[in-house]
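To start, the structure itself, in structure tokens.
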Amino acid sequence: MFVKELHRSACGLALFLAAAPLLAHHNLTAKFNPANTRALNGIVTGLSWANPHVHVLMDVVEGNTVTNWAVELESTLDLERSGWSDDTLKPGDEITVQGITSRDGSPQIWGESVIVAATGARVLDVSEAAWAALRPGDLPVRPVHRWPDGQPRLGPLPGQKGYWGRPSSTVLMEAGANVAMNAHGLLDNIADVDRVAPFQDWARAIYEYRQSTFLVSDPMFQHCAPPGAVRALQSVYGFQFLEQRELGRIFVVEGGGNRMWHFIYTDGRPQVGELTGNDTNPLYYGNARGHWEGDTFVVDSKGINEKFWLTGGLPHTEQLHIVEQFTRTDFSTLQYEVTIDDPGAYTRPWSAGWTLQWVPEDLPTYFCQDNRP
């Protein structure tokens with residue numbers, strides 16, 4: 001995989017960057033060109049209500065030609081949060097679409113606005129309330145809930161619900177770097193590549209190539225692969241800790257992807273795989289072992305495969321070793337810090353961190369559907 005990317009990166013780099021909507025699940029500029037805006041008027045012929053993005057099919061008359069356009073929108077979950085459903089638009093409805101068209105010239109458009117001609121109603125749009133629900137916000141300060149032995153709880157109280165979401169950062173770079181990126185980790189200026197992390201030469205070339213192609217080959221979106229270690233904690237759909245103290249483990253469940261999950265063992269077992277669980281082989285989340293240092297939960301993970309990208313296309317190898325620290329500073333806030341140590345890809349260990357907020361709701365149900373980039 002890396003050899004092919006290195007070969008392609010040598011063919012030349014050109015980068016045009018623009019900010020993409022926060023809720024989009026992958027960088028839209030990989031497929032659509034923000035410089036090419038267009039308005040279309042036509043008749044709905046079908047609706048594909050599926051993830052990662054909903055599509056409206058519409059016939060557009062252009063001169064003597066009728067072209068069937070695909071209008072790409074947010075996910076089913078995002079649209080449902082705003083009150084839309086699979087019967088909001090029906091075949092035969094006349095609509096006007098404003099958006100940005102595909103880079104390859106095919107009849108595809110990202111729908112920034114979809115309006116029903118007969119009523120002027122704006123439909124299949126994500127409301128400000130839905131957007132705000134996934135963004136960091138001010139929550140009241142409350143004491144941390146604790147177990148009877150005084151240890152902080154990472155998950156909800158019995159009979160209650162909640163998960164960790166609304167990450168303060170959805171990008172990954174070395175602490176203190178202060179590099180301008182969009183919400184998907186796409187650099188505003190490719191010249192900043194050396195400030196992001198302490199790359200080995202080959203890893204820098206891989207990262208630069210992925211950036212130059214707008215992260216289009218990201219396996220999480222091309223093949224519904226798991227987001228993998230670290231990246232899962234930057235998903236707008238959040239994650240949940242289910243503490244199983246009697247079994248000496250914490251069950252971590254993600255709201256995005258396909259409800260991916262993994263265990264963090266806290267019973268002191270060796271950091272190797274087991275035939276009855278995760279066998280000894282490289283995994284998307286590795287073999288994770290956790291322990292408490294005061295009010296901070298420290299997780300050490302090794303045995304991680306290289307099949308996924310870190311956020312923004314950052315590469316890694318199977319030598320990746322991560323140490324994470326989770327500190328619930330108050331009821332509503334989780335401070336996260338990670339040290340990334342991968343001598344195969346970086347010249348030295350480096351660290352990053354962000355905060356997450358408690359969302360007192362059920363974990364979102366979002367399932368990726370393959371071959372729908």
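Just so we're on the same page: first chain in the structure tokens is A, next is B, and so on; residues restart at 1 for each chain, and ligands are numbered from 1 in the order they show up.
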Find the residues near region 232-234 of chain A: any atom within 7 Å, counting only C-alpha atoms, skip ones fewer than 4 places away on the same chain, and give them as a list in words. Pro167, Ser169, Thr170, Pro227, Gly228 and Gly238 of chain A
Residues within 7 Å of Thr347 (chain A), please, as an MDAnalysis selection string. Count only C-alpha atoms; anything in the same chain fewer than 2 positions from it doesn't count. chainID A and resid 198:200 343
I'd like a table as a tab-separated table: residues in region 126-212 of chain A with an atom no more than 12 Å from region 30-44 of chain A, each row giving the shortest atom pair and its distance in Å to one decimal, only C-alpha atoms counted, sorted by chain and rising residue number.
residue	atom	partner	partner_atom	distance
A:His184	CA	A:Ala30	CA	11.2
A:Leu186	CA	A:Ala30	CA	10.3
A:Arg210	CA	A:Ala30	CA	10.3
A:Gln211	CA	A:Ala30	CA	9.7
A:Ser212	CA	A:Ala30	CA	9.4
Just give me the gap between CA of Asp125 (chain A) and CA of Val60 (chain A) in Å, one decimal is fine.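 Atom-to-atom, CA of Asp125 (chain A) and CA of Val60 (chain A) are spaced 20.7 Å apart.
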Using only C-alpha atoms for the distances, tell me which of A:His223, A:Ala197, A:Ser48, A:Ala229 is nearest to Pro349 (chain A).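 When distances to Pro349 (chain A) are compared using only C-alpha atoms, the smallest one comes from A:Ala197.
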Choose the residue, out of A:Gly120, A:Gly105, A:Gly150, A:Gly162, that has the smallest atom-to-atom separation from Pro364 (chain A); count only C-alpha atoms.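 For Pro364 (chain A), the nearest of the candidates is A:Gly162.
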Quick one: pick out all helix (DSSP H, G or I) residues within region 136-193 of chain A from a backbone DSSP run and write them as a ChimeraX atom specification. /A:190-193
One decimal, Å: what's the distance from CA of Leu334 (chain A) over to CA of Phe367 (chain A), could you say?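 Separating CA of Leu334 (chain A) from CA of Phe367 (chain A) is a distance of 25.4 Å.
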